[in-house]
Amino acid sequence: MIAKLILKRLLVSVFILLAVSVVVFAATLLLPGDPARAILGQQATEERIAALQAELNLDRSPVERYFLWLGGLFVGNFGTSSATGGPVTDLLGERITASLVLMLCAALIAVPVGLAIGIFSALHRGKRADQAVTWGTLTLAALPEFVIGIALVTLFATSVFRILPAVTMSPPGQQVWEIPTQLILPTLTLALVVIPYIIRMMRATMAEVMDSGFVEMARLKGVPERRVILRHAVPHAIGPVAQVVAIQLAWLAGGVVVVEYLFRYPGIGQALIDAVTYRDVQVVQAISIIIAAVYVVVNLLADIVGILANPKLRSAS
Amino acid sequence: MSDRSTGGRWLQQPLARRQILTGAVAFGSVGVLSACSGPAAFEVNTDAPPSSGGTLRVGLTGGSTADTLDAHIPVNTGDSARVINLFEPLLERDGDYQIAYRLAESLEPNDDGTVWTLRLRENLKFSDGSDLTAEDVVFTFERVTDPEDPKTNASNLADFQSATAVDERTVEIQLTAPSAVLDDALAQYSMGVVPRDFDPANPIGAGPFRLKDFSAGMSTTLERNPHYWDSEPYLDEVQILNFNDTDALINALLSSQVDCVGQIPLALVEVLESDERMAVLNSETGMWLPFTMRVDVEPFNDVRVRQAFRLVVDRQQMIDQVLSGYGQLGNDMYSPFDPSYPDLDQRTQNIQQAKNLLAQAGHPDGITVELVTAPIQSGVVEAAQVFAQQASEAGITVNIRRVDTTTFFGDQYLQWSFAQSFWYTRNFIPQSRNCATAEAPFNETAWVNQEFTDLLDQAQAELDEARRTELIHQAQQMLYDDGGYIIWGFANQVDAYQRYVLGFQENSTGLPLNAYGFRSVWLGEVS
Amino acid sequence: MSTSDLKPSADAGPPPSGTTDAEPKESATRPAHLLKRVWAQGQGKVGIVLTVFIVALALAGPLLAPVLTGYSPTEFAGRPFQPEGIFGTDNLGRSVASRFLAGGLLLLLYSVLATVLGLVVGCVVGMIAGYAGGKTDSVLMRLNDIVLAFPQLVLALLAIVVLGPEGWVLVTVIGLTHAPRIARVARAATLGVVNEDYVRAAQMYAVPRSRILAREIFPNITGPLSVEAGLRLTYSIGAIASLSFLGLGMQPPTADWGLMINENRIALSIQPWGVLLPVIAIAVLTVGTNLLADAIARATASTTVESS
């Protein structure tokens with residue numbers, strides 16, 4: 001039962017990824033202009049353009065090109081950047097690592113903090129602290145990420161306290177994380193964007209669990225309250241919350257775009273904005289596919305967690 | 001010697017995407033400048049004689065994996081900085097835009113300007129200690145003008161026929177047509193002399209520094225060349241660091257990760273000046289950001305419309321708003337550093353006259369035009385907005401259509417009926433050959449006038465300076481009355497450096513940091 | 001397929017007090033009635049006040065700008081980034097105050113249009129899927145999943161690369177990325193009422209399908225849809241302002257809050273107003289609409305409780 005559900009879910013994901021790749025590829029076909037000419041520049045001779053067109057398979061039919069491109073994706077060949085004239089992979093290698101570092105840092109902060117506040121809020125339901133949390137999450141959840149980011153920059157980098165760097169420096173040859181202070185503000189921004197959703201989900205689930213029969217039963221048996229919460233309530237709440245957490249982490253893949261741009265963080269989000277600005281289609285395609293893939297895969301994992309954690313399904317199998 | 005040109009490297013090979021990226025990065029990526037308040041002010045002894053030693057860390061924007069060490073095809077800022085310091089040219093443009101002899105000690109034309117004789121200095125050596133002779137100069141000429149693979153400066157050497165080594169120190173250069181401006185073509189920084197067996201992977205040159213370490217798109221380390229012909233550089237090493245945007249660059253300067261940076265946004269000059277630790281190098285240059293009206297399409301095919309458009313511009317306001325005041329007034333004429341720059345009446349804003357001209361041209365109720373702009377250089381998109389505002393006073397509605405740089409230089413480039421452009425410092429004749437004749441590769445205004453071209457040809461062949469100036473002035477008058485450019489000003493080049501760096505001087509070529517003149521820089525003593 | 005959004009959306013997190021569960025069985029959410037219920041809540045009150053304040057500012061601002069500041073939004077008041085005037089000058093020396101006043105209208109207009117587009121498309125797709133069921137349902141929902149597989153912003157950027165940063169592109173792409181999310185809510189709500197007696201009755205009298213959808217089903221799912229409208233408006237404002245902030249939305253010389261931030265952030269440390277004013281306005285607006293959406297959710301939820 002569970003295996004069948006997961007398999008079905010897997011197939012759906014594969015289908016969606018293929019459809020996504022078609023959409024992304026179709027974007028190139030809609031573009032006016034010739035990528036070969038864009039790479040070589042205005043002064044290129046006809047011979048060189050023809051040669052490059054052949055090299056880039058531009059002389060083939062769109063369907064053939066799509067499958068060549070798709071095949072390339074599987075072996076890590078994302079095409080040629082029209083801005084640099086070099087392979088897209090060269091451009092993205094280090095940036096992917098940098099983005100992953102940022103996302104990881106944000107997740108490591110957001111998840112425990114979000115869960116802790118959510119539990120706290122659920123245990124103090126209706127009290128002033130809980131109301132404050134509710135207002136806070138509603139407010140934070142409404143704010144676009146650049147608003148949160150600029151607020152942090154104003155507070156900690158430029159106007160009030162001048163203690164943290166406002167932009168990422170990354171001197172050549174050094175990795176961004178070698179200057180850890182510059183990671184603080186972008187990490188904090190991302191964390192603040194996802195935390196409210198984790199809090200709200202954790203609070204709601206926890207509140208439900210606390211009201212349930214087995215918690216009541218444990219209490220009646222005289223189990224200490226602390227033990228009731230940690231041993232009985234929290235484990236039951238984690239299942240559904242895990243799914244939401246996974247979705248939030250998937251969101252980070254797209255959310256880094258604005259945050260990286262704001263902090264000049266040299267990751268794929270910044271690269272995507274640059275590529276859009278210069279209309280470097282191959283790079284836009286590559287990054288869109290990467291982000292969509294992360295998104296689909298993490299969502300898949302979230303659903304699998306959800307299926308596994310669903311007590312109805314568990315008992316059915 | 002009169003006609004001069006330099007600096008405008010992008011237009012010799014202008015549309016390589018990498019260059020567009022470089023130009024645009026300087027503009028497009030300005031973000032938050034964090035005002036780090038630095039450590040307490042310090043004193044630098046500026047009176048002490050220059051001292052030797054130390055490493056200068058230079059921050060520049062641009063740079064990618066395609067960065068080159070080739071002496072003759074520099075593209076972005078980092079390439080230029082490397083080429084200028086690794087390779088020595090025969091002549092150069094000095095800080096005042098005058099021609100100065102470097103490896104050459106003389107360059108003389110014959111009576112009709114078709115054969116030039118170049119004489120090298122004595123005892124010249126490359127950085128590996130081998131001798132630099134006339135044969136190497138001949139090789140350099142041939143490498144640059146190779147018809148199979150022409151290098152950046154080939155376009156300035158279109159009249160070049162052949163070069164022969166007469167003896168160890170003498171080279172004879174034959175031209176296909178008389179030219180009085182060969183010295184200008186040789187004073188390009190992409191014309192460094194290289195040895196006969198030149199290999200870009202091992203860039204041996206005769207410049208003040210030699211290569212120690214190079215990582216494309218990241219950093220370059222140069223060390224002092226002990227065989228340099230001129231006085232030895234003070235610095236032991238120069239480290240060139242590539243930053244991917246202006247914010248990161250300026251923050252690196254403020255946090256003392258670099259000692260100097262090339263090209264800062266003009267709006268930030270005051271902020272940096274107010275920092276006690278920083279000094280600003282503010283150089284007047286001949287760089288211009290014109291509006292381009294295509295004279296062969298409606299409505300600009302009527303000269304009265306073109307004149308009206310030139311009259312709606314408040315040039316001082318343009319400089320104030322777009323360049324934060326860091327610029328010089330323009331008068332619809334390029335090449336302000338050319339000795340033959342004319343003394344024409346300064347055009348000023350005259351809304352009433354502009355309206356009258358438009359009415360005469362059949363637009364009594366005003367006119368609507370589309371202005372195509374793109375962030376091709378710092379200030380271009382801003383200038384479009386200021387123009388739209390100024391033109392509205394004369395009943396001209398300017399719809400700004402902002403496109404990306406790739407689209408701007410795409411299939412439609414040179415076809416936009418009303419757009420913008422940017423050019424670095426050049427002299428009048430080479431500039432006109434690039435943008436104002438039928439053969440010009442980048443004639444953005446489509447303005448072609450046979451009489452004008454004839455005057456250019458005559459001037460180029462005229463060895464008598466006074467007569468040549470006279471011919472150029474005639475040509476300039478035609479451009480001033482009839483042309484399709486609106487040239488409202490010339491932008492300053494502003495760099496910043498820590499006060500303990502000494503020896504930087506203003507430079508009008510438009511190249512940052514005294515045209516990357518690190519050979520005359522030293523690190524002062526901090527007390 | 002799980003959800004995906006430009007922002008982690010409410011359907012990713014817990015619905016504000018049971019949004020998606022709120023399936024009013026009868027049309028008990030008349031506008032006046034609803035407004036009263038919203039106003040009765042603290043959050044609703046604050047939400048309405050904040051939203052109305054910024055909307056009024058955005059609507060009246062363009063008219064007031066020249067009167068209050070002495071400069072039109074494109075006129076020059078001095079050199080760039082100088083402290084002249086109330087809030088100083090921007091990157092081109094224009095009055096920050098004037099541009100701020102004039103900068104909210106288009107953002108608001110585009111956001112509302114995008115939300116309306118999303119609601120219309122989402123509603124139609126969701127109701128058809130929910131009502132028809134079977135193959136139609138699964139095909140429509142699979143298509144939905146494909147759109148949902150892109151983070152909203154990435155899809156918007158892809159569209160901008162191909163079509164350019166035009167106003168209609170922004171509205172269309174943001175609207176269409178909302179549609180699948182709204183469609184899920186509309187579908188769920190439709191499923192909740194499709195077996196009700198009045199729908200059955202209409203079917204028996206052979207009322208045309210389109211008429212059933214419009215007359216019988218739609219009025220009964222307005223509760224959850226109005227919550228969606230509030231949420232999607234919040235995200236539309238965020239998305240369009242974000243794109244302008246990235247330099248890929250509104251184009252100069254338009255006075256626009258998102259674009260102002262992009263233009264002036266270089267001088268945040270010396271002339272912060274050019275950035276802070278629009279940031280504050282966007283923050284207040286989005287917080288206002290979000291509080292409002294949450295209050296509507298509570299109001300419709302309690303309506304359901306009452307009427308069931």
# chains A, B, ... in the order shown; residues from 1 in each chain; ligands from 1
$ residues_around --residues "stretch 196-203 of chain A" --least-positions-apart "6" --cutoff "8 Å" --atoms "only C-alpha atoms" --output "ChimeraX atom specification"
/A:111,114-122,134,136-138,140-141,237-238,241,244-245,248 /C:8,10,12-14
$ residues_around --residues "C:Pro180" --least-positions-apart "5" --cutoff "7 Å" --atoms "only C-alpha atoms" --output "MDAnalysis selection string"
chainID C and resid 122 144 148
$ write_last_selection --atoms "N, CA and C atoms" --output "PDB file, in the first residue's frame"
ATOM      1  N   GLY C 122      -8.150  30.535 -11.684  1.00  0.00           N
ATOM      2  CA  GLY C 122      -8.108  29.479 -10.677  1.00  0.00           C
ATOM      3  C   GLY C 122      -9.493  28.943 -10.346  1.00  0.00           C
ATOM      4  N   ASN C 144      -1.833  21.675 -13.227  1.00  0.00           N
ATOM      5  CA  ASN C 144      -1.614  22.491 -12.041  1.00  0.00           C
ATOM      6  C   ASN C 144      -0.253  22.201 -11.418  1.00  0.00           C
ATOM      7  N   LEU C 148       3.063  24.417 -10.513  1.00  0.00           N
ATOM      8  CA  LEU C 148       3.496  24.491  -9.119  1.00  0.00           C
ATOM      9  C   LEU C 148       4.928  24.008  -8.923  1.00  0.00           C
TER      10      LEU C 148
END
$ closest_residue --among "C:Arg184, C:Arg298, C:Lys135, C:Arg265" --to "A:Val167" --atoms "only C-alpha atoms"
C:Arg265
$ residues_around --residues "C:Gly61" --least-positions-apart "5" --cutoff "9 Å" --atoms "only C-alpha atoms" --output "MDAnalysis selection string"
chainID C and resid 56 98 100:105
$ residues_around --residues "C:Leu106" --least-positions-apart "2" --cutoff "9 Å" --atoms "only C-alpha atoms" --output "NGL selection string"
:C and (58 or 102-104 or 108-111 or 250 or 255-256)
$ closest_residue --among "A:Ala166, A:Leu230, A:Leu52, A:Ile2" --to "chain B" --atoms "only C-alpha atoms"
A:Ala166
$ interface_residues --of "chain C" --to "chain B" --cutoff "10 Å" --atoms "only C-alpha atoms" --output "PDB file with C-alpha atoms, in the first residue's frame"
ATOM      1  CA  THR C  74      10.468  63.190 -12.481  1.00  0.00           C
ATOM      2  CA  GLU C  75      11.622  66.737 -11.808  1.00  0.00           C
ATOM      3  CA  PHE C  76      15.089  67.439 -10.430  1.00  0.00           C
ATOM      4  CA  ALA C  77      15.406  68.913  -6.978  1.00  0.00           C
ATOM      5  CA  GLY C  78      19.180  68.890  -6.663  1.00  0.00           C
ATOM      6  CA  ARG C  79      22.209  66.712  -7.125  1.00  0.00           C
ATOM      7  CA  PRO C  80      21.864  62.971  -6.471  1.00  0.00           C
ATOM      8  CA  PHE C  81      21.695  61.768  -2.857  1.00  0.00           C
ATOM      9  CA  GLN C  82      21.611  65.184  -1.231  1.00  0.00           C
ATOM     10  CA  ASP C  90      17.317  60.117  -5.100  1.00  0.00           C
ATOM     11  CA  ASN C  91      19.933  58.642  -7.438  1.00  0.00           C
ATOM     12  CA  LEU C  92      19.134  61.206 -10.120  1.00  0.00           C
ATOM     13  CA  GLY C  93      18.511  64.151  -7.839  1.00  0.00           C
ATOM     14  CA  ARG C  94      14.711  63.851  -7.875  1.00  0.00           C
ATOM     15  CA  VAL C 161      13.643  36.818 -20.250  1.00  0.00           C
ATOM     16  CA  GLY C 164      10.652  41.512 -21.508  1.00  0.00           C
ATOM     17  CA  PRO C 165       9.671  43.410 -18.363  1.00  0.00           C
ATOM     18  CA  GLY C 247      15.290  45.767 -11.653  1.00  0.00           C
ATOM     19  CA  GLN C 251      11.090  50.342 -15.569  1.00  0.00           C
ATOM     20  CA  PRO C 252      12.545  53.816 -15.107  1.00  0.00           C
ATOM     21  CA  PRO C 253      11.610  56.620 -15.058  1.00  0.00           C
ATOM     22  CA  THR C 254       8.417  55.257 -13.441  1.00  0.00           C
ATOM     23  CA  ILE C 261      14.675  50.604  -3.530  1.00  0.00           C
ATOM     24  CA  ASN C 262      16.680  49.258  -6.437  1.00  0.00           C
ATOM     25  CA  GLU C 263      17.740  52.741  -7.541  1.00  0.00           C
ATOM     26  CA  ASN C 264      18.676  54.131  -4.159  1.00  0.00           C
ATOM     27  CA  ARG C 265      20.037  51.268  -2.125  1.00  0.00           C
ATOM     28  CA  ILE C 266      23.590  52.070  -3.188  1.00  0.00           C
ATOM     29  CA  ALA C 267      23.363  55.083  -0.891  1.00  0.00           C
ATOM     30  CA  LEU C 268      21.499  53.441   1.972  1.00  0.00           C
ATOM     31  CA  SER C 269      24.122  54.589   4.446  1.00  0.00           C
ATOM     32  CA  ILE C 270      24.155  58.256   3.402  1.00  0.00           C
TER      33      ILE C 270
END
$ closest_residue --among "B:Ser340, B:Thr407, B:Ser392, B:Gln431" --to "chain A" --atoms "only C-alpha atoms"
B:Thr407
$ residues_around --residues "stretch 461-463 of chain B" --least-positions-apart "6" --cutoff "9 Å" --atoms "only C-alpha atoms" --output "PyMOL selection string"
chain B and resi 1+109+111-114+177-181
$ closest_residue --among "A:Thr89, A:Ser82, A:Thr181, A:Ser288" --to "chain B" --atoms "only C-alpha atoms"
A:Ser82
$ closest_residue --among "A:Asp59, A:Pro266, A:Leu300, A:Leu123" --to "A:Ile229" --atoms "only C-alpha atoms"
A:Leu123
$ residues_around --residues "B:Val115" --least-positions-apart "3" --cutoff "7 Å" --atoms "only C-alpha atoms" --output "list in words"
Pro109, Asn110, Glu172, Ile173, Gln174 and Leu175 of chain B
$ closest_residue --among "A:Pro224, A:Pro235, A:Pro186, A:Pro165" --to "A:Leu252" --atoms "only C-alpha atoms"
A:Pro186
$ residues_around --residues "C:Ile48" --least-positions-apart "3" --cutoff "8 Å" --atoms "only C-alpha atoms" --output "MDAnalysis selection string"
chainID C and resid 39 44:45 51:52 288:289 292
$ atom_distance --atom1 "atom CA of B:Ala48" --atom2 "atom CA of B:Glu525"
8.4 Å
$ atom_distance --atom1 "atom CA of A:Leu91" --atom2 "atom CA of A:Val283"
8.5 Å
